Structure formats: C-alpha cells, structure tokens
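> To start, I am sharing the structure in question, which I have written as structure tokens.
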Amino acid sequence: MNSPTLRISTLSHPALPALQQLWDAQLTPCTGNPLAHDLLGPARAHGEQVAMIWRGQQVVGCVGWVTLGIAEYGCAYASPLVAADMEAASALIAFVSEKVRAAGAQRLRGSVRAGEMAKRDGLQQAGFKPLFEFVNFSRALPFAEPVGLPDGLQIVRIGNPDWGELHRCYAESFSGVPNSPIPDLETMREEWAAANQDASLILMDAHGKYQAFILVDGCTVEAVGVLGQWRGRGLAEKLYHLAAMELAAKEQPEMRALVASSNAASMRLHQKLGFTEYAPRWTVYELHL
C-alpha cells in the first residue's frame, strides 16, 4: 500500500491539528466536527482503526473505519475520510476497503460533504454509488413547554442506567435501520458516558423495561429510539421537547440533528418540530466489496 510518494501509517496525534485544518479548509464555511472526537472514540477502537497518509513529511489525509455493522448487516463505514487530493483519497479508499473486507464486510459506505471533491472523485473511481443523503437540521431554542408523558412511563436519567436493558432497547429500536450500526455493550457505555448527561434521557415502563430514549452529544441529537408498542403516540416528539428544555436551561442557543433523507418518518418529525437545514446535505456512497 506504500508508494514512492505516499506512505500510510497508524494514528499520529501530533498530526491531528494539520488534518483538522485541511478538513476545515475543504468544508468552509461549514467546518467539520473535531476529528479527534471521532478518530479517538470507541467506535474506532480509540484510534486503532485509524490510518494516516503522508507525502514525504506532510500529512495529506486520514481514514477511520467502523466495523460495528458487519455482524448484523455486513456493512462497514469509512468515516471520517479526509484527503488533500484524489491520489491520497484513492490510496486511503483502497487501504480501508482491504481492512474491512478482511474483517468480513460485504459492503462499505462513506459520506461526502460539499467541498470534498477529491474524496467524491476517489469514491466514484473506485466504483462507489450514491445511496442517500444526510440532512443537517437545526432548531433555535427554547421549544414550547413539553407535554406530559403517557401514563405508565417515567424518566430515567443516564447517570447510572441498567446498561443491559438500555442496550436491548437500543438494539430493538434500530434493528433494520440503514446506516445505524448497533454498538456492542461496552462501546455503547462509553458513548453514553461521554454524552450530554442532562439532555440524554431514557423512558421506562412500570415493569422496569426501557421503552424509549434520546441520546444527545453537546447540542446534537445522536439517536432517538422508540420501541414498537409505543410508536405512533408522539413519544419521539416528547423526548425532543424534554431534551430541548434541558439544553435551554444550560443556555444552549440551538439543537441539531443529522437525519437520513431515506428516513421519511424522521424527516417529518424534524420538520414538524420546526427544524430547518443549516448546511449542505452529505451524500452517502456504497461499494459492494
């Protein structure tokens, strides 16, 4: 995978600021999330599932890969993938394709934002096809006061939940949902421990079974789940209102969410709640390995 001009290495922490600067320059005026947050998180084994690419002594890209979706869906994710040019993008795509194929993946997905032309061209050259779009939603706070919960449900704060019960609820809620790999129990615990402890909420029934949840990182809704028997009762909308109330109490000016355009129900929910698109959409591409 090395060439006379390009060299792929494991994660180098000192190179992260240069990569962040490269990525932000491509995405201006809508800069990206902190790369370190994603690359060093549990979904990428705290940096073990990350590679960087160099041209001489200059870092010109990186890729992280997520394998959580392989067991259930046969799908892995190349994210984030940052590349200064198409040569770097193509090398990283070939590298990560081999990595996830060796892990048992049958499909690989990656997303492209406006400004990431080198990545887009590299994906298309490698045979990736567009699948759907991610929609960037935001809504100014505060919301209206939330209405009450249905009888038989109560709020559980996430400081010390029943982790096994929460994992069951999460897995059932997202079973069959595309581009939403279900984390293992330990990964889920780490993600929830790092989340907004005030705005993230769980709803439990009278028998101690978790029936719904909302996971918020900073001011961004990362996941909302409602089990089948409670769907159709406006429970997701109530969770948004409750989380928004907590964010407003901490003087957050807005709530954000990232929604797959293919998820019609979620699109309708966010539009009903007054969310609007604040940044260009991302296109998700997929390759059958």
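Chain labels A, B, ... are given in the sequence in which chains occur in the structure tokens; within each chain residues are numbered consecutively from 1, and ligands are likewise numbered from 1 in the order shown.
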Identify, on the basis of only C-alpha atoms, every residue whose closest approach to Gly225 in chain A does not exceed 7 Å; exclude the query and any residue fewer than 5 positions from it along the same chain; express the result as a ChimeraX atom specification.
/A:170,173,212-214
> Can you pull out every residue from range 5-221 of chain A that DSSP, working from the backbone, puts in strand (DSSP E), and format the result as a PyMOL selection string?
chain A and resi 7-10+50-55+58-66+75-83+107-112+129-140+153-157+201-205+210-217+220-221
> Restricting the output to C-alpha atoms, write the selected residues as a PDB file, in the first residue's frame.

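So again_37.pdb came out as:
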ATOM      1  CA  ARG A   7       3.088   6.438   2.905  1.00  0.00           C
ATOM      2  CA  ILE A   8       0.329   5.105   5.155  1.00  0.00           C
ATOM      3  CA  SER A   9       0.871   4.969   8.910  1.00  0.00           C
ATOM      4  CA  THR A  10      -1.026   4.406  12.108  1.00  0.00           C
ATOM      5  CA  VAL A  50      -7.439   4.823  12.016  1.00  0.00           C
ATOM      6  CA  ALA A  51      -4.770   5.353   9.348  1.00  0.00           C
ATOM      7  CA  MET A  52      -2.982   8.474   8.139  1.00  0.00           C
ATOM      8  CA  ILE A  53      -1.384   9.101   4.773  1.00  0.00           C
ATOM      9  CA  TRP A  54       1.766  11.150   4.199  1.00  0.00           C
ATOM     10  CA  ARG A  55       3.521  12.677   1.214  1.00  0.00           C
ATOM     11  CA  GLN A  58       3.411  16.226   5.176  1.00  0.00           C
ATOM     12  CA  VAL A  59       0.204  14.526   6.311  1.00  0.00           C
ATOM     13  CA  VAL A  60      -2.313  14.630   3.438  1.00  0.00           C
ATOM     14  CA  GLY A  61      -5.217  12.623   4.778  1.00  0.00           C
ATOM     15  CA  CYS A  62      -6.659  10.086   7.165  1.00  0.00           C
ATOM     16  CA  VAL A  63      -9.394   7.486   7.417  1.00  0.00           C
ATOM     17  CA  GLY A  64     -11.201   5.823  10.271  1.00  0.00           C
ATOM     18  CA  TRP A  65     -13.260   2.686   9.851  1.00  0.00           C
ATOM     19  CA  VAL A  66     -16.266   1.448  11.805  1.00  0.00           C
ATOM     20  CA  CYS A  75     -21.699  -3.265   6.238  1.00  0.00           C
ATOM     21  CA  ALA A  76     -18.676  -1.230   7.374  1.00  0.00           C
ATOM     22  CA  TYR A  77     -18.140   2.522   7.303  1.00  0.00           C
ATOM     23  CA  ALA A  78     -15.164   4.602   6.141  1.00  0.00           C
ATOM     24  CA  SER A  79     -15.592   7.648   8.355  1.00  0.00           C
ATOM     25  CA  PRO A  80     -14.125  10.156   8.644  1.00  0.00           C
ATOM     26  CA  LEU A  81     -12.120  10.134   5.437  1.00  0.00           C
ATOM     27  CA  VAL A  82     -10.101  13.290   4.752  1.00  0.00           C
ATOM     28  CA  ALA A  83      -7.874  13.671   1.694  1.00  0.00           C
ATOM     29  CA  ARG A 107     -20.312  -3.552   1.752  1.00  0.00           C
ATOM     30  CA  LEU A 108     -18.515  -0.301   2.555  1.00  0.00           C
ATOM     31  CA  ARG A 109     -20.098   3.121   2.933  1.00  0.00           C
ATOM     32  CA  GLY A 110     -18.648   6.609   3.043  1.00  0.00           C
ATOM     33  CA  SER A 111     -20.169  10.078   3.002  1.00  0.00           C
ATOM     34  CA  VAL A 112     -19.176  13.171   1.034  1.00  0.00           C
ATOM     35  CA  LYS A 129     -22.579   4.503  -5.952  1.00  0.00           C
ATOM     36  CA  PRO A 130     -24.708   7.231  -4.294  1.00  0.00           C
ATOM     37  CA  LEU A 131     -27.252   5.790  -1.861  1.00  0.00           C
ATOM     38  CA  PHE A 132     -28.994   8.605   0.044  1.00  0.00           C
ATOM     39  CA  GLU A 133     -28.307  11.963   1.677  1.00  0.00           C
ATOM     40  CA  PHE A 134     -27.760  13.080   5.250  1.00  0.00           C
ATOM     41  CA  VAL A 135     -29.714  16.196   6.188  1.00  0.00           C
ATOM     42  CA  ASN A 136     -28.248  18.690   8.674  1.00  0.00           C
ATOM     43  CA  PHE A 137     -31.085  20.092  10.797  1.00  0.00           C
ATOM     44  CA  SER A 138     -31.076  22.806  13.464  1.00  0.00           C
ATOM     45  CA  ARG A 139     -33.746  24.462  15.602  1.00  0.00           C
ATOM     46  CA  ALA A 140     -33.423  27.551  17.785  1.00  0.00           C
ATOM     47  CA  LEU A 153     -43.763   5.818  31.643  1.00  0.00           C
ATOM     48  CA  GLN A 154     -41.194   7.643  33.739  1.00  0.00           C
ATOM     49  CA  ILE A 155     -37.898   9.384  33.007  1.00  0.00           C
ATOM     50  CA  VAL A 156     -34.617   7.664  33.845  1.00  0.00           C
ATOM     51  CA  ARG A 157     -31.504   9.860  33.954  1.00  0.00           C
ATOM     52  CA  LEU A 201     -32.973  10.634  28.629  1.00  0.00           C
ATOM     53  CA  ILE A 202     -34.493   7.156  28.900  1.00  0.00           C
ATOM     54  CA  LEU A 203     -38.171   6.296  29.369  1.00  0.00           C
ATOM     55  CA  MET A 204     -39.025   3.254  31.494  1.00  0.00           C
ATOM     56  CA  ASP A 205     -42.358   1.495  31.975  1.00  0.00           C
ATOM     57  CA  TYR A 210     -36.814   0.659  28.853  1.00  0.00           C
ATOM     58  CA  GLN A 211     -39.135   1.719  26.039  1.00  0.00           C
ATOM     59  CA  ALA A 212     -37.580   4.835  24.501  1.00  0.00           C
ATOM     60  CA  PHE A 213     -34.519   7.082  24.703  1.00  0.00           C
ATOM     61  CA  ILE A 214     -32.833  10.152  23.285  1.00  0.00           C
ATOM     62  CA  LEU A 215     -29.035  10.448  23.139  1.00  0.00           C
ATOM     63  CA  VAL A 216     -27.609  13.976  22.902  1.00  0.00           C
ATOM     64  CA  ASP A 217     -23.929  14.843  22.437  1.00  0.00           C
ATOM     65  CA  THR A 220     -26.700  17.405  18.753  1.00  0.00           C
ATOM     66  CA  VAL A 221     -29.227  14.577  18.862  1.00  0.00           C
TER      67      VAL A 221
END
> Applying 10 Å and only C-alpha atoms, which residues near Lys209 in chain A remain after dropping the ones on its own chain fewer than 6 positions away? List them as JSON, numbers by chain.
{"A": [153, 162, 165, 166, 168, 169, 203]}
> State, in Å with one decimal place, the distance from CA of Glu277 in chain A to CA of Val147 in chain A.
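Straight-line distance from CA of Glu277 in chain A to CA of Val147 in chain A works out to 25.4 Å.
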> Record the distance separating CA of Leu247 in chain A and CA of Cys219 in chain A, expressed in Å with one decimal.
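That distance, rounded to one decimal, is 6.9 Å.
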> Pull the helix (DSSP H, G or I) assignments for range 73-278 of chain A out of DSSP run on the backbone, and list those residues as a PyMOL selection string.
chain A and resi 73+86-102+117-125+163-174+185-193+228-230+235-249+264-272
> If we count only C-alpha atoms and set the cut-off at 8 Å, which residues sit around Leu27 in chain A, ignoring sequence neighbours fewer than 2 positions away in its own chain? Please answer as a short mmCIF file (atom, residue, chain, number, x, y, z; two decimals) with C-alpha atoms, in the first residue's frame.

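Once everything was written out, this is around-v5.cif:
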data_model
loop_
_atom_site.label_atom_id
_atom_site.label_comp_id
_atom_site.auth_asym_id
_atom_site.auth_seq_id
_atom_site.Cartn_x
_atom_site.Cartn_y
_atom_site.Cartn_z
CA TRP A 23 -10.60 19.37 6.50
CA ASP A 24 -11.96 22.71 7.68
CA ALA A 25 -10.48 24.41 4.61
CA PRO A 29 -17.85 27.95 5.67
CA CYS A 30 -19.35 24.85 7.34
CA THR A 31 -16.39 23.41 9.23
CA GLY A 32 -16.31 19.79 10.33
CA ARG A 113 -19.88 16.76 2.04
CA ALA A 114 -19.86 19.83 -0.18
CA GLY A 115 -16.23 20.76 -0.82
CA GLU A 116 -14.84 17.22 -0.53
#
> With only C-alpha atoms as the counted atoms, please give the residues lying no more than 8 Å from range 263-271 of chain A, apart from itself and same-chain residues fewer than 4 positions off, as an MDAnalysis selection string.
chainID A and resid 137 237 259 275:276
> Would you put the residues from that selection into a file with all heavy atoms, as a CSV table (one decimal), in the first residue's frame?

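See again_37.csv below for the written result:
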chain,number,residue,atom,x,y,z
A,137,PHE,N,-30.0,19.3,10.3
A,137,PHE,CA,-31.1,20.1,10.8
A,137,PHE,C,-30.6,20.9,12.0
A,137,PHE,O,-29.8,20.4,12.8
A,137,PHE,CB,-32.2,19.2,11.2
A,137,PHE,CG,-33.2,18.8,10.1
A,137,PHE,CD1,-33.4,17.4,9.9
A,137,PHE,CD2,-33.8,19.7,9.3
A,137,PHE,CE1,-34.3,17.0,8.8
A,137,PHE,CE2,-34.6,19.3,8.3
A,137,PHE,CZ,-34.9,18.0,8.0
A,237,GLU,N,-41.4,12.9,19.7
A,237,GLU,CA,-41.6,14.4,19.8
A,237,GLU,C,-41.5,14.9,21.3
A,237,GLU,O,-40.9,15.9,21.6
A,237,GLU,CB,-43.0,14.8,19.2
A,237,GLU,CG,-43.2,16.3,19.3
A,237,GLU,CD,-44.6,16.6,18.6
A,237,GLU,OE1,-45.2,15.7,17.9
A,237,GLU,OE2,-45.0,17.7,18.8
A,259,VAL,N,-30.1,13.6,9.9
A,259,VAL,CA,-31.1,12.7,9.6
A,259,VAL,C,-30.9,12.1,8.2
A,259,VAL,O,-30.6,12.9,7.3
A,259,VAL,CB,-32.5,13.4,9.7
A,259,VAL,CG1,-33.6,12.4,9.3
A,259,VAL,CG2,-32.8,13.9,11.1
A,275,PHE,N,-37.5,22.3,12.7
A,275,PHE,CA,-36.1,22.2,12.3
A,275,PHE,C,-36.0,22.6,10.9
A,275,PHE,O,-36.9,22.4,10.0
A,275,PHE,CB,-35.6,20.8,12.5
A,275,PHE,CG,-35.2,20.4,13.9
A,275,PHE,CD1,-36.2,20.0,14.8
A,275,PHE,CD2,-33.9,20.4,14.3
A,275,PHE,CE1,-35.8,19.6,16.1
A,275,PHE,CE2,-33.5,20.1,15.6
A,275,PHE,CZ,-34.5,19.6,16.5
A,276,THR,N,-34.9,23.3,10.6
A,276,THR,CA,-34.6,23.7,9.2
A,276,THR,C,-33.1,23.2,8.9
A,276,THR,O,-32.3,23.1,9.8
A,276,THR,CB,-34.7,25.2,8.9
A,276,THR,OG1,-33.9,25.9,9.9
A,276,THR,CG2,-36.2,25.6,9.1
> May I have the residues within 9 Å of Phe143 in chain A as a list in words, using only C-alpha atoms and disregarding those fewer than 3 positions away in the same chain?
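Once the adjacent positions are removed, what remains is Arg139, Ala140, Pro146, His241, Ala244, Met245, Ala248 and Leu273 of chain A.
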> Kindly indicate which residue among A:Leu40, A:Ala105, A:Leu123, A:Ala249 lies nearest to Met86 in chain A, using only C-alpha atoms for the distances.
A:Leu123
> For CA of Thr5 in chain A and CA of Glu87 in chain A, quote the distance in Å rounded to one decimal.
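These two atoms are separated by 9.8 Å.
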> Nearest residue to Ser97 in chain A out of A:Leu289, A:Leu35, A:Ala195, A:Met188, using only C-alpha atoms?
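Smallest distance to Ser97 in chain A is found for A:Leu289.
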> Contacts of Ala94 in chain A at 10 Å or less, counting only C-alpha atoms, minus same-chain residues fewer than 3 places along, as a PyMOL selection string?
chain A and resi 1+89-91+97-99+122-123+126
> How would the residues just picked look written out with N, CA, C and O atoms as a CSV table (one decimal), in the first residue's frame?

chain,number,residue,atom,x,y,z
A,1,MET,N,0.8,-1.2,0.0
A,1,MET,CA,0.0,0.0,0.0
A,1,MET,C,0.9,1.3,0.0
A,1,MET,O,0.4,2.4,-0.2
A,89,ALA,N,-6.8,10.3,-1.6
A,89,ALA,CA,-8.2,9.7,-1.4
A,89,ALA,C,-8.2,8.3,-2.0
A,89,ALA,O,-8.7,7.3,-1.3
A,90,SER,N,-7.7,8.0,-3.2
A,90,SER,CA,-7.7,6.7,-3.8
A,90,SER,C,-6.9,5.7,-3.0
A,90,SER,O,-7.3,4.6,-2.8
A,91,ALA,N,-5.8,6.1,-2.5
A,91,ALA,CA,-4.9,5.2,-1.7
A,91,ALA,C,-5.6,4.9,-0.4
A,91,ALA,O,-5.6,3.7,0.1
A,97,SER,N,-10.7,-0.4,2.2
A,97,SER,CA,-11.5,-1.4,1.6
A,97,SER,C,-10.9,-2.8,2.0
A,97,SER,O,-11.7,-3.8,2.3
A,98,GLU,N,-9.6,-2.9,1.9
A,98,GLU,CA,-9.0,-4.2,2.3
A,98,GLU,C,-9.1,-4.5,3.8
A,98,GLU,O,-9.3,-5.6,4.2
A,99,LYS,N,-9.0,-3.5,4.6
A,99,LYS,CA,-9.2,-3.6,6.1
A,99,LYS,C,-10.6,-4.2,6.4
A,99,LYS,O,-10.7,-5.2,7.2
A,122,GLY,N,-12.6,10.1,-5.8
A,122,GLY,CA,-11.9,8.8,-5.4
A,122,GLY,C,-13.0,7.7,-5.2
A,122,GLY,O,-12.8,6.6,-5.7
A,123,LEU,N,-14.0,8.0,-4.5
A,123,LEU,CA,-15.1,7.0,-4.3
A,123,LEU,C,-15.7,6.6,-5.6
A,123,LEU,O,-15.9,5.4,-5.9
A,126,ALA,N,-13.5,4.4,-7.6
A,126,ALA,CA,-13.4,3.0,-7.0
A,126,ALA,C,-14.7,2.2,-7.2
A,126,ALA,O,-14.7,1.0,-6.8
